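Q: Questions regarding the structure given below will be posed in turn.
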Amino acid sequence: MKKRTSKMQPGISAQRGYAMLAIIAVLGVAATTVVVTSLSATAVHNEQNRRTSSALALAKQALIANAASSSTRPGSLPCPDTDNDGLADPAAGACTNLIGRLPWQTLGLPDLRDSSGERLWYALSQQFSDTNAINSTTVGELNITGTLTAANTAAIVFAAGAPVNGQLRNAERLFTPSQYIESYTGPTTFVTSDAGSSYNDQLMVIMATDIFAVVDRRIAKEVQNSLQAYSAATTGRLPWYSTTCTAGVCPTVFPQPTPPALAVVWPETGTGYLPTDDATLNAALPAWFVANQWNSVVSYRVDSNCVAGISPCGAAFSGYSASGSGGALIGFTSGTANSGTKAVLSIAGVNPVTNYQMTALDAAVQ
């Protein structure tokens, strides 16, 4: 018997080939769709994080700028917004509440929101409110524990994100921190966790060092200007120093020391302070200077000839260097004073790098 040989018709073979190509194409499209969808989700997530991070960073910058530019209490921060109108409550004085929304209008900002559309939240340490004496030794009382830790912070800005873990955000709970901030456990304590289905807070911390890194430079310039005004009002003299400063009261050394034959820096040993009982000096300084006890944190060393009004005035500091003092000598190359320097100021406070109490910077008076 002969075997029958079956031959597939050309049309059927072609159809099966097209079908296979179609299947491959469909699979390819599906795979591409999965990849594109994944990439798109990642891009969206990254953009959301960027938007939230930018809002938090801008809020921090604005708060520090506000603290540095205060006309009544440099270093102070505005109260939180407690009625969601963008304004601090109250505008001045004791805060109604120490946690609420960021007062974006008070800070001159746009209506900052996180990627979920929520306005930013803001917690303030009582020590940095407008009713306290604030200087470069002031530290905050807000503490963060958990996956992120920070102690003695001045303020915290929060991006609450979308509701998680059963949070209810209706009109009745519009000002309830726990319905927005998962890390909130009390007015001064916050506990952070890993991001997930029950936690999505993002935080921006503002430390005292962040504030005084800017404020101290303003203080140095204010004192420089005031001592130059004092010199102009007293025919070239500068005030005597104080050797002690208790609770912001710094009495002048009396009787005044007799100027030596050669110009020297007074006090010759130890630390001197700007006196609080010199009427001419107080008239030259801003009113908030003594009120916020800056006298007790600004060290004052002066050429004794400049104090006595004899020549040469301004020779004792020739070659003086700020190296090792924790900062820079403002207005001079490489932190070295010249022979025209009459006095040097050192501002004590929280060092931005080590977080220890030490001199933050030096400023020379010409």
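Residue numbering restarts at 1 for every chain of the structure tokens, chains are lettered A, B, ... in their displayed order, and ligands are numbered from 1 as they appear.
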If we count only C-alpha atoms and set the cut-off at 9 Å, which residues sit around range 293-295 of chain A, ignoring sequence neighbours fewer than 2 positions away in its own chain? Please answer as a list in words.
A: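 With the cut-off at 9 Å, the set is Ala133, Ile134, Asn135, Ser136, Ile219, Cys245, Ala247, Gly248, Val249, Cys250, Tyr273, Leu274, Pro275, Thr276, Trp288, Phe289, Val290, Ala291, Val297, Val298, Ser299 and Ile347 of chain A.
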Q: If you keep N, CA and C atoms, can you produce a file of those selected residues as a CSV table (one decimal), in the first residue's frame?
A:
```
chain,number,residue,atom,x,y,z
A,133,ALA,N,12.2,85.7,75.7
A,133,ALA,CA,13.5,86.3,75.4
A,133,ALA,C,14.2,85.2,74.5
A,134,ILE,N,14.7,85.7,73.3
A,134,ILE,CA,15.3,84.7,72.4
A,134,ILE,C,16.7,85.3,72.0
A,135,ASN,N,17.7,84.4,72.2
A,135,ASN,CA,19.0,84.7,71.7
A,135,ASN,C,19.7,83.4,71.3
A,136,SER,N,21.0,83.5,70.9
A,136,SER,CA,21.6,82.3,70.3
A,136,SER,C,21.8,81.1,71.2
A,219,ILE,N,22.8,90.0,64.1
A,219,ILE,CA,23.2,90.6,65.4
A,219,ILE,C,24.5,91.2,65.3
A,245,CYS,N,27.7,89.0,83.7
A,245,CYS,CA,26.4,89.2,83.1
A,245,CYS,C,25.5,88.2,83.7
A,247,ALA,N,21.5,87.1,84.2
A,247,ALA,CA,20.1,87.3,83.8
A,247,ALA,C,20.0,88.5,82.9
A,248,GLY,N,21.0,88.7,82.0
A,248,GLY,CA,20.9,89.8,81.1
A,248,GLY,C,21.4,91.1,81.6
A,249,VAL,N,21.8,91.2,82.9
A,249,VAL,CA,22.2,92.5,83.5
A,249,VAL,C,23.7,92.4,83.6
A,250,CYS,N,24.4,93.4,82.9
A,250,CYS,CA,25.8,93.4,82.7
A,250,CYS,C,26.4,94.8,83.1
A,273,TYR,N,31.7,91.8,78.4
A,273,TYR,CA,30.4,91.9,77.8
A,273,TYR,C,30.0,93.3,77.5
A,274,LEU,N,29.1,93.6,76.6
A,274,LEU,CA,28.6,94.9,76.4
A,274,LEU,C,27.8,95.3,77.6
A,275,PRO,N,28.0,96.5,78.2
A,275,PRO,CA,27.3,96.9,79.5
A,275,PRO,C,25.9,97.2,79.2
A,276,THR,N,25.0,96.9,80.2
A,276,THR,CA,23.6,97.3,80.1
A,276,THR,C,23.3,98.6,80.8
A,288,TRP,N,15.3,95.7,71.2
A,288,TRP,CA,15.2,94.3,71.5
A,288,TRP,C,16.5,93.7,72.0
A,289,PHE,N,17.6,94.3,71.9
A,289,PHE,CA,18.9,93.7,72.2
A,289,PHE,C,19.0,93.4,73.6
A,290,VAL,N,18.8,94.3,74.5
A,290,VAL,CA,18.8,94.1,75.9
A,290,VAL,C,17.7,93.2,76.4
A,291,ALA,N,16.5,93.5,75.8
A,291,ALA,CA,15.3,92.7,76.2
A,291,ALA,C,15.4,91.2,76.0
A,297,VAL,N,25.3,86.9,75.7
A,297,VAL,CA,25.9,86.0,74.8
A,297,VAL,C,26.9,86.6,73.8
A,298,VAL,N,27.0,87.9,73.8
A,298,VAL,CA,27.9,88.6,72.9
A,298,VAL,C,29.1,89.0,73.7
A,299,SER,N,30.3,88.4,73.5
A,299,SER,CA,31.5,88.7,74.2
A,299,SER,C,32.1,90.0,73.5
A,347,ILE,N,30.0,85.8,69.3
A,347,ILE,CA,28.6,85.5,69.7
A,347,ILE,C,28.6,84.0,70.0
```
Q: Pick out the residues sitting within 8 Å of range 110-116 of chain A, and hand them over as a list in words; count only C-alpha atoms, and ignore anything fewer than 3 positions along from it in its own chain.
A: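 Answer for this query is Gln48, Asn49, Arg51, Thr52, Ala55, Gly86, Trp104, Gln105, Arg119, Leu120, Ala159, Ala160, Gly161 and Ala162 of chain A.
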Q: With N, CA and C atoms kept, could you save the residues just selected as a PDB file, in the first residue's frame?
A:
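Generated file (result.pdb):
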```
ATOM      1  N   GLN A  48       5.478  63.397  42.597  1.00  0.00           N
ATOM      2  CA  GLN A  48       4.757  63.711  43.828  1.00  0.00           C
ATOM      3  C   GLN A  48       5.722  63.993  44.968  1.00  0.00           C
ATOM      4  N   ASN A  49       6.749  63.158  45.088  1.00  0.00           N
ATOM      5  CA  ASN A  49       7.754  63.373  46.134  1.00  0.00           C
ATOM      6  C   ASN A  49       8.487  64.690  45.935  1.00  0.00           C
ATOM      7  N   ARG A  51       7.362  67.386  44.436  1.00  0.00           N
ATOM      8  CA  ARG A  51       6.460  68.494  44.745  1.00  0.00           C
ATOM      9  C   ARG A  51       6.346  68.698  46.250  1.00  0.00           C
ATOM     10  N   THR A  52       6.203  67.612  46.988  1.00  0.00           N
ATOM     11  CA  THR A  52       6.083  67.715  48.439  1.00  0.00           C
ATOM     12  C   THR A  52       7.382  68.207  49.057  1.00  0.00           C
ATOM     13  N   ALA A  55       7.844  71.930  48.524  1.00  0.00           N
ATOM     14  CA  ALA A  55       6.967  72.729  49.392  1.00  0.00           C
ATOM     15  C   ALA A  55       7.537  72.798  50.805  1.00  0.00           C
ATOM     16  N   GLY A  86      -4.434  80.961  56.445  1.00  0.00           N
ATOM     17  CA  GLY A  86      -3.082  81.276  56.015  1.00  0.00           C
ATOM     18  C   GLY A  86      -2.374  82.307  56.854  1.00  0.00           C
ATOM     19  N   TRP A 104       1.026  80.504  55.702  1.00  0.00           N
ATOM     20  CA  TRP A 104       1.685  80.825  54.447  1.00  0.00           C
ATOM     21  C   TRP A 104       1.528  82.284  54.040  1.00  0.00           C
ATOM     22  N   GLN A 105       0.379  82.888  54.345  1.00  0.00           N
ATOM     23  CA  GLN A 105       0.202  84.299  53.999  1.00  0.00           C
ATOM     24  C   GLN A 105       1.086  85.194  54.856  1.00  0.00           C
ATOM     25  N   ARG A 119      -2.885  71.218  52.711  1.00  0.00           N
ATOM     26  CA  ARG A 119      -2.021  72.297  53.166  1.00  0.00           C
ATOM     27  C   ARG A 119      -1.021  71.758  54.197  1.00  0.00           C
ATOM     28  N   LEU A 120       0.146  72.417  54.243  1.00  0.00           N
ATOM     29  CA  LEU A 120       1.176  71.978  55.171  1.00  0.00           C
ATOM     30  C   LEU A 120       0.786  72.286  56.610  1.00  0.00           C
ATOM     31  N   ALA A 159       4.097  67.482  55.850  1.00  0.00           N
ATOM     32  CA  ALA A 159       3.225  67.196  54.712  1.00  0.00           C
ATOM     33  C   ALA A 159       2.398  65.993  55.123  1.00  0.00           C
ATOM     34  N   ALA A 160       1.099  66.201  55.324  1.00  0.00           N
ATOM     35  CA  ALA A 160       0.251  65.139  55.881  1.00  0.00           C
ATOM     36  C   ALA A 160      -0.038  64.020  54.896  1.00  0.00           C
ATOM     37  N   GLY A 161      -0.089  64.339  53.606  1.00  0.00           N
ATOM     38  CA  GLY A 161      -0.419  63.320  52.616  1.00  0.00           C
ATOM     39  C   GLY A 161      -1.881  62.929  52.664  1.00  0.00           C
ATOM     40  N   ALA A 162      -2.249  61.928  51.887  1.00  0.00           N
ATOM     41  CA  ALA A 162      -3.632  61.446  51.847  1.00  0.00           C
ATOM     42  C   ALA A 162      -3.985  60.728  53.154  1.00  0.00           C
TER      43      ALA A 162
END
```
Q: Residues of range 99-161 of chain A within 12 Å of range 180-189 of chain A: nearest atom pair and distance (Å, one decimal) for each, counting only C-alpha atoms, sorted by chain and number, as JSON lines?
A:
```
{"residue": "A:Ile99", "atom": "CA", "partner": "A:Pro187", "partner_atom": "CA", "distance": 7.0}
{"residue": "A:Gly100", "atom": "CA", "partner": "A:Tyr180", "partner_atom": "CA", "distance": 10.4}
{"residue": "A:Arg101", "atom": "CA", "partner": "A:Tyr180", "partner_atom": "CA", "distance": 10.6}
{"residue": "A:Ser116", "atom": "CA", "partner": "A:Tyr180", "partner_atom": "CA", "distance": 11.7}
{"residue": "A:Glu118", "atom": "CA", "partner": "A:Tyr180", "partner_atom": "CA", "distance": 9.1}
{"residue": "A:Arg119", "atom": "CA", "partner": "A:Tyr180", "partner_atom": "CA", "distance": 10.2}
{"residue": "A:Leu120", "atom": "CA", "partner": "A:Tyr180", "partner_atom": "CA", "distance": 9.9}
{"residue": "A:Trp121", "atom": "CA", "partner": "A:Ile181", "partner_atom": "CA", "distance": 8.3}
{"residue": "A:Tyr122", "atom": "CA", "partner": "A:Ile181", "partner_atom": "CA", "distance": 10.3}
{"residue": "A:Ala123", "atom": "CA", "partner": "A:Pro187", "partner_atom": "CA", "distance": 7.8}
{"residue": "A:Leu124", "atom": "CA", "partner": "A:Thr188", "partner_atom": "CA", "distance": 8.5}
{"residue": "A:Ser125", "atom": "CA", "partner": "A:Thr188", "partner_atom": "CA", "distance": 7.4}
{"residue": "A:Gln126", "atom": "CA", "partner": "A:Thr188", "partner_atom": "CA", "distance": 9.3}
{"residue": "A:Gln127", "atom": "CA", "partner": "A:Thr188", "partner_atom": "CA", "distance": 11.6}
{"residue": "A:Gly140", "atom": "CA", "partner": "A:Thr188", "partner_atom": "CA", "distance": 9.5}
{"residue": "A:Glu141", "atom": "CA", "partner": "A:Thr188", "partner_atom": "CA", "distance": 6.4}
{"residue": "A:Leu142", "atom": "CA", "partner": "A:Thr188", "partner_atom": "CA", "distance": 4.6}
{"residue": "A:Asn143", "atom": "CA", "partner": "A:Thr189", "partner_atom": "CA", "distance": 5.1}
{"residue": "A:Ile144", "atom": "CA", "partner": "A:Thr189", "partner_atom": "CA", "distance": 6.1}
{"residue": "A:Thr145", "atom": "CA", "partner": "A:Thr189", "partner_atom": "CA", "distance": 8.0}
{"residue": "A:Gly146", "atom": "CA", "partner": "A:Ser183", "partner_atom": "CA", "distance": 9.2}
{"residue": "A:Thr147", "atom": "CA", "partner": "A:Ser183", "partner_atom": "CA", "distance": 10.7}
{"residue": "A:Leu148", "atom": "CA", "partner": "A:Ser183", "partner_atom": "CA", "distance": 10.4}
{"residue": "A:Thr149", "atom": "CA", "partner": "A:Thr189", "partner_atom": "CA", "distance": 10.8}
{"residue": "A:Ala150", "atom": "CA", "partner": "A:Thr189", "partner_atom": "CA", "distance": 10.3}
{"residue": "A:Ala151", "atom": "CA", "partner": "A:Thr189", "partner_atom": "CA", "distance": 9.6}
{"residue": "A:Asn152", "atom": "CA", "partner": "A:Thr188", "partner_atom": "CA", "distance": 9.4}
{"residue": "A:Thr153", "atom": "CA", "partner": "A:Thr188", "partner_atom": "CA", "distance": 9.5}
{"residue": "A:Ala154", "atom": "CA", "partner": "A:Thr188", "partner_atom": "CA", "distance": 10.3}
{"residue": "A:Ala155", "atom": "CA", "partner": "A:Thr188", "partner_atom": "CA", "distance": 9.8}
{"residue": "A:Ile156", "atom": "CA", "partner": "A:Thr188", "partner_atom": "CA", "distance": 10.2}
{"residue": "A:Val157", "atom": "CA", "partner": "A:Ile181", "partner_atom": "CA", "distance": 10.7}
{"residue": "A:Phe158", "atom": "CA", "partner": "A:Ile181", "partner_atom": "CA", "distance": 7.5}
{"residue": "A:Ala159", "atom": "CA", "partner": "A:Ile181", "partner_atom": "CA", "distance": 8.2}
{"residue": "A:Ala160", "atom": "CA", "partner": "A:Tyr180", "partner_atom": "CA", "distance": 5.4}
{"residue": "A:Gly161", "atom": "CA", "partner": "A:Tyr180", "partner_atom": "CA", "distance": 7.7}
```
Q: Using the selection just defined, write its residues with C-alpha atoms as a PDB file, in the first residue's frame.
A:
```pdb
ATOM      1  CA  ILE A  99       0.381  73.254  66.252  1.00  0.00           C
ATOM      2  CA  GLY A 100      -1.771  74.037  63.232  1.00  0.00           C
ATOM      3  CA  ARG A 101      -1.444  74.891  59.549  1.00  0.00           C
ATOM      4  CA  SER A 116      -2.248  65.058  47.873  1.00  0.00           C
ATOM      5  CA  GLU A 118      -3.318  69.052  51.702  1.00  0.00           C
ATOM      6  CA  ARG A 119      -2.021  72.297  53.166  1.00  0.00           C
ATOM      7  CA  LEU A 120       1.176  71.978  55.171  1.00  0.00           C
ATOM      8  CA  TRP A 121       1.040  71.616  58.954  1.00  0.00           C
ATOM      9  CA  TYR A 122       3.393  73.371  61.375  1.00  0.00           C
ATOM     10  CA  ALA A 123       4.443  72.756  64.983  1.00  0.00           C
ATOM     11  CA  LEU A 124       6.227  75.467  66.985  1.00  0.00           C
ATOM     12  CA  SER A 125       8.352  75.241  70.121  1.00  0.00           C
ATOM     13  CA  GLN A 126       7.128  77.599  72.844  1.00  0.00           C
ATOM     14  CA  GLN A 127      10.684  78.938  73.327  1.00  0.00           C
ATOM     15  CA  GLY A 140      13.541  74.235  71.261  1.00  0.00           C
ATOM     16  CA  GLU A 141      11.447  71.614  73.018  1.00  0.00           C
ATOM     17  CA  LEU A 142      10.047  69.570  70.129  1.00  0.00           C
ATOM     18  CA  ASN A 143      11.325  65.988  69.991  1.00  0.00           C
ATOM     19  CA  ILE A 144      11.069  63.352  67.263  1.00  0.00           C
ATOM     20  CA  THR A 145      11.658  59.639  67.828  1.00  0.00           C
ATOM     21  CA  GLY A 146      11.286  56.525  65.669  1.00  0.00           C
ATOM     22  CA  THR A 147      12.762  56.072  62.196  1.00  0.00           C
ATOM     23  CA  LEU A 148      13.656  59.780  62.173  1.00  0.00           C
ATOM     24  CA  THR A 149      15.058  61.312  65.357  1.00  0.00           C
ATOM     25  CA  ALA A 150      15.672  64.921  66.367  1.00  0.00           C
ATOM     26  CA  ALA A 151      15.797  66.567  69.776  1.00  0.00           C
ATOM     27  CA  ASN A 152      15.176  70.124  70.961  1.00  0.00           C
ATOM     28  CA  THR A 153      13.938  71.350  67.594  1.00  0.00           C
ATOM     29  CA  ALA A 154      12.557  74.856  67.151  1.00  0.00           C
ATOM     30  CA  ALA A 155       9.815  73.922  64.682  1.00  0.00           C
ATOM     31  CA  ILE A 156       8.614  71.163  62.352  1.00  0.00           C
ATOM     32  CA  VAL A 157       6.765  71.452  59.034  1.00  0.00           C
ATOM     33  CA  PHE A 158       4.623  68.472  57.999  1.00  0.00           C
ATOM     34  CA  ALA A 159       3.225  67.196  54.712  1.00  0.00           C
ATOM     35  CA  ALA A 160       0.251  65.139  55.881  1.00  0.00           C
ATOM     36  CA  GLY A 161      -0.419  63.320  52.616  1.00  0.00           C
TER      37      GLY A 161
END
```
Q: Kindly give the distance, in Å, that separates CA of Leu58 in chain A and CA of Ser71 in chain A, rounded to a single decimal.
A: 21.9 Å
Q: Compile the contact shell of Val265 in chain A as a short mmCIF file (atom, residue, chain, number, x, y, z; two decimals) with C-alpha atoms, in the first residue's frame: residues with an atom at most 10 Å away, counting only C-alpha atoms, same-chain residues fewer than 3 positions apart removed.
A:
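Result file is part_39.cif:
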```cif
data_model
loop_
_atom_site.label_atom_id
_atom_site.label_comp_id
_atom_site.auth_asym_id
_atom_site.auth_seq_id
_atom_site.Cartn_x
_atom_site.Cartn_y
_atom_site.Cartn_z
CA GLU A 268 43.05 91.43 79.30
CA THR A 269 41.94 87.99 80.51
CA TYR A 300 33.16 92.14 73.90
CA ARG A 301 36.90 92.77 73.68
CA VAL A 302 38.04 96.33 73.06
CA ASP A 303 41.27 98.25 72.52
CA SER A 304 41.79 100.13 75.81
CA ASN A 305 43.06 103.23 74.01
CA CYS A 306 39.76 103.46 72.15
CA GLY A 314 42.86 100.51 66.96
CA ALA A 315 46.38 99.07 67.15
CA ALA A 316 45.83 96.34 69.76
CA PHE A 317 44.04 94.00 67.35
CA LYS A 342 38.88 98.81 67.62
CA ALA A 343 36.90 95.90 69.09
CA VAL A 344 35.94 92.29 68.40
#
```
Q: Between A:Trp240, A:Phe190, A:Glu222, A:Ile310, which one has atoms that come closest to Ala287 in chain A, using only C-alpha atoms?
A: A:Glu222
Q: I'd like the interatomic distance between CA of Leu87 in chain A and CA of Leu109 in chain A, to a tenth of an Å.
A: 10.8 Å
Q: Just the number, please: distance in Å from CA of Ser69 in chain A to CA of Val214 in chain A, one decimal.
A: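 Interatomic distance, CA of Ser69 in chain A to CA of Val214 in chain A: 9.6 Å.
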